[in-house]
Amino acid sequence: MGLVLVGLSHHVAPVELRERVALDPERAGALAAALGEGRAEAVCLSTCNRTELYVAAEDATGAESRAVEALRELAAEAAAELGAVVYRLHDEAAALHLFRVAAGLDSMVPGEGEILGQVRSAFEVGSTGPVLDRLFRQALHVGKKVRSETAIAESPASVSSAAAALAQQVFGALDGREVLLIGAGKTGELAARSLASRGARIAAVASRTPERARAVAERFGAQAITLDEVSRQLVTVDVLVSATGAPGLVVSAGQVAGALARRRGRPLFAIDIAVPRDLDPAIHDLEGCYLYDIDDLEAVVAESLSGRRREAARAETLALEEAERFREWRSSREVVPAIASLRARAEEIRRSELARADARLERLTDNERRAVESVTAQIVAKLLHLPTVRVKQAAATPAGAVYVDALEHLFGLGEEER
């Protein structure tokens with residue numbers, strides 16, 4: 001069964017294109033089910049930085065074509081732009097890529113901790129079988145191992161904390177600066193915590209769900225407001241951070257322009273860390289307003305890279321080791337049918353010979369017959385033990401296929417079917 005990865009990320013595609021193919025968990029699960037029809041397996045991993053479709057199928061070429069077409073349908077009128085940015089990885093290369101993603105090595109902020117939870121969520125709603133179940137469990141394992149055995153996750157370790165660092169760069173200090181947070185999910189709350197830890201005050205939290213807005217607001221001593229009250233709040237705050245899961249824009253340029261007119265020249269700093277974007281890109285053109293989206297955080301990330309390179313190298317080693325284990329596991333699966341056929345053939349011969357000798361065994365007691373059964377079974381098991389071990393060992397090397405062919409030829413495995 002072949003493993004295929006088709007996707008695009010912040011390395012190759014701008015946020016304008018990534019937001020078109022972004023999927024919430026429900027849609028990711030539905031697409032995985034569609035791609036996993038028949039005997040195929042599929043998982044759709046969609047984050048702020050990437051949308052990746054992992055498919056395991058007997059027809060790897062067909063699976064790749066279906067995955068590419070799924071991305072084209074998501075991109076709609078921007079489908080023509082995908083050709084230059086979509087990457088395709090196969091088998092061990094696809095596995096290594098996922099292990100690097102789970103380890104935080106492929107993130108905009110190396111070592112960021114949110115990606116591991118996103119990988120787990122994608123796995124849980126995916127349409128998995130033996131291959132993707134093994135792949136994603138190993139990915140979660142290596143992600144945890146990297147975080148426990150290296151220091152790659154040191155601050156700033158997420159897009160949220162990088163956003164707070166960017167705000168501090170702009171203002172010099174955040175003490176006393178008031179923040180309006182739109183979005184009461186995990187990403188928004190992490191951003192609020194990062195800003196508060198740098199001295200800012202969370203003044204208000206807005207959400208489509210009043211209960212969630214109140215819950216997050218209470219943690220920061222802030223006011224919970226509705227989305228309809230955002231325009232009024234924009235008049236007084238210094239920083240606007242938006243991180244919702246809305247499918248379209250949440251704040252328009254017109255809303256911000258109206259607030260700026262009443263701010264008496266005070267600048268407004270806005271950070272949009274949502275994909276799809278929450279804030280109208282035209283806000284950036286308004287005088288006195290500074291808008292940064294998720295792609296603009298790369299400069300902040302670059303500053304944190306130098307101190308992480310040594311830890312990243314250790315994390316890379318762990319990811320490579322996990323990829324080698326996955327390769328060995330896949331190789332061993334390829335020899336399983338031959339080994340099973342060999343054991344079945346040996347057992348068939350054993351039972352056939354016992355049946356031929358049945359007349360001579362009639363005088364034996366039940367205990368003696370069971371002893372004969374046991375002894376002959378043990379002889380077969382011991383004869384096959386070493387060949388089985390050697391074939392499994394060879395499976396992890398380039399000579400694995402040669403051993404399987406030799407096994408099938410020497411014992412005539414599969415000749416009756418042919």
# chains A, B, ... in the order shown; residues from 1 in each chain; ligands from 1
call {"tool": "residues_around", "arguments": {"residues": "Ala40 in chain A", "least_positions_apart": "4", "cutoff": "10 Å", "atoms": "only C-alpha atoms", "output": "ChimeraX atom specification"}}
result
/A:1-3,32-36,55-60,63,127-129,131-132
call {"tool": "residues_around", "arguments": {"residues": "Ser160 in chain A", "least_positions_apart": "4", "cutoff": "9 Å", "atoms": "only C-alpha atoms", "output": "PDB file with C-alpha atoms, in the first residue's frame"}}
result
ATOM      1  CA  PRO A 156       8.438  32.404  21.547  1.00  0.00           C
ATOM      2  CA  ALA A 164       2.829  39.419  21.245  1.00  0.00           C
ATOM      3  CA  ALA A 165       6.547  39.846  20.597  1.00  0.00           C
ATOM      4  CA  THR A 187      -5.219  30.390  19.804  1.00  0.00           C
ATOM      5  CA  GLY A 188      -6.891  33.601  20.923  1.00  0.00           C
ATOM      6  CA  GLU A 189      -6.453  32.804  24.597  1.00  0.00           C
ATOM      7  CA  LEU A 190      -2.775  31.966  24.075  1.00  0.00           C
ATOM      8  CA  ALA A 191      -2.305  35.323  22.357  1.00  0.00           C
ATOM      9  CA  ALA A 192      -4.001  37.058  25.265  1.00  0.00           C
ATOM     10  CA  ARG A 193      -1.775  35.280  27.782  1.00  0.00           C
ATOM     11  CA  SER A 194       1.355  36.249  25.859  1.00  0.00           C
ATOM     12  CA  LEU A 195       0.295  39.889  25.678  1.00  0.00           C
ATOM     13  CA  ILE A 273      -3.566  35.320  13.216  1.00  0.00           C
TER      14      ILE A 273
END
call {"tool": "closest_residue", "arguments": {"among": "A:Arg330, A:Arg137, A:His284, A:Arg50", "to": "Ile115 in chain A", "atoms": "only C-alpha atoms"}}
result
A:Arg50
call {"tool": "residues_around", "arguments": {"residues": "Pro14 in chain A", "least_positions_apart": "6", "cutoff": "12 Å", "atoms": "only C-alpha atoms", "output": "PyMOL selection string"}}
result
chain A and resi 8+20-21+48-50+81-82+84-86+275-277+293-296
call {"tool": "select_by_dssp", "arguments": {"residues": "range 189-298 of chain A", "states": "strand (DSSP E or B)", "output": "PyMOL selection string"}}
result
chain A and resi 201-206+223-225+239-242+251+268-272+279+289-293
call {"tool": "atom_distance", "arguments": {"atom1": "CA of Leu98 in chain A", "atom2": "CA of Glu311 in chain A"}}
result
18.5 Å
call {"tool": "atom_distance", "arguments": {"atom1": "CA of Ser65 in chain A", "atom2": "CA of Gly7 in chain A"}}
result
12.1 Å
call {"tool": "select_by_dssp", "arguments": {"residues": "range 46-180 of chain A", "states": "helix (DSSP H, G or I)", "output": "PyMOL selection string"}}
result
chain A and resi 60-84+91-102+114-124+130-149+159-171
call {"tool": "residues_around", "arguments": {"residues": "range 333-350 of chain A", "least_positions_apart": "3", "cutoff": "8 Å", "atoms": "only C-alpha atoms", "output": "PyMOL selection string"}}
result
chain A and resi 329-330+353-354+376-377+380+384+388+391-392+395+400+404+407-408+411+413-414
call {"tool": "atom_distance", "arguments": {"atom1": "CA of Ala406 in chain A", "atom2": "CA of Glu92 in chain A"}}
result
25.4 Å
call {"tool": "residues_around", "arguments": {"residues": "Leu181 in chain A", "least_positions_apart": "2", "cutoff": "6 Å", "atoms": "only C-alpha atoms", "output": "MDAnalysis selection string"}}
result
chainID A and resid 205 241:242
call {"tool": "write_last_selection", "arguments": {"atoms": "N, CA and C atoms", "output": "compact mmCIF listing (two decimals), in the first residue's frame"}}
result
# COMPACT_ATOMS: atom_id res chain seq x y z
N VAL A 205 -13.08 40.90 25.36
CA VAL A 205 -13.03 39.68 24.57
C VAL A 205 -14.35 39.54 23.83
N VAL A 241 -6.33 41.99 18.36
CA VAL A 241 -5.87 40.66 17.96
C VAL A 241 -7.10 39.84 17.59
N SER A 242 -7.09 39.27 16.41
CA SER A 242 -8.23 38.47 15.97
C SER A 242 -7.78 37.06 15.62
call {"tool": "closest_residue", "arguments": {"among": "A:Ala204, A:Val146, A:Leu74, A:Ile271", "to": "Arg314 in chain A", "atoms": "only C-alpha atoms"}}
result
A:Val146
call {"tool": "closest_residue", "arguments": {"among": "A:Lys382, A:Arg351, A:Arg147, A:Arg208", "to": "Asp228 in chain A", "atoms": "only C-alpha atoms"}}
result
A:Arg208
call {"tool": "residues_around", "arguments": {"residues": "Lys145 in chain A", "least_positions_apart": "3", "cutoff": "10 Å", "atoms": "only C-alpha atoms", "output": "PyMOL selection string"}}
result
chain A and resi 103+139-142+148-150+315+318-319
call {"tool": "write_last_selection", "arguments": {"atoms": "C-alpha atoms", "output": "PDB file, in the first residue's frame"}}
result
ATOM      1  CA  ALA A 103       8.097  17.949  16.032  1.00  0.00           C
ATOM      2  CA  ALA A 139       4.157  11.272  14.676  1.00  0.00           C
ATOM      3  CA  LEU A 140       2.537  12.022  18.035  1.00  0.00           C
ATOM      4  CA  HIS A 141       5.261   9.983  19.759  1.00  0.00           C
ATOM      5  CA  VAL A 142       8.121  11.855  18.105  1.00  0.00           C
ATOM      6  CA  SER A 148      10.723  16.382  26.364  1.00  0.00           C
ATOM      7  CA  GLU A 149      14.286  15.771  25.153  1.00  0.00           C
ATOM      8  CA  THR A 150      15.159  19.099  23.489  1.00  0.00           C
ATOM      9  CA  ALA A 315      15.006  17.317  16.909  1.00  0.00           C
ATOM     10  CA  LEU A 318      14.807  12.226  16.391  1.00  0.00           C
ATOM     11  CA  ALA A 319      12.513  12.728  13.401  1.00  0.00           C
TER      12      ALA A 319
END
call {"tool": "closest_residue", "arguments": {"among": "A:Leu96, A:Leu227, A:Ala274, A:Val119", "to": "Arg18 in chain A", "atoms": "only C-alpha atoms"}}
result
A:Ala274
call {"tool": "closest_residue", "arguments": {"among": "A:Leu240, A:Leu31, A:Ala323, A:Leu386", "to": "Tyr290 in chain A", "atoms": "only C-alpha atoms"}}
result
A:Leu240
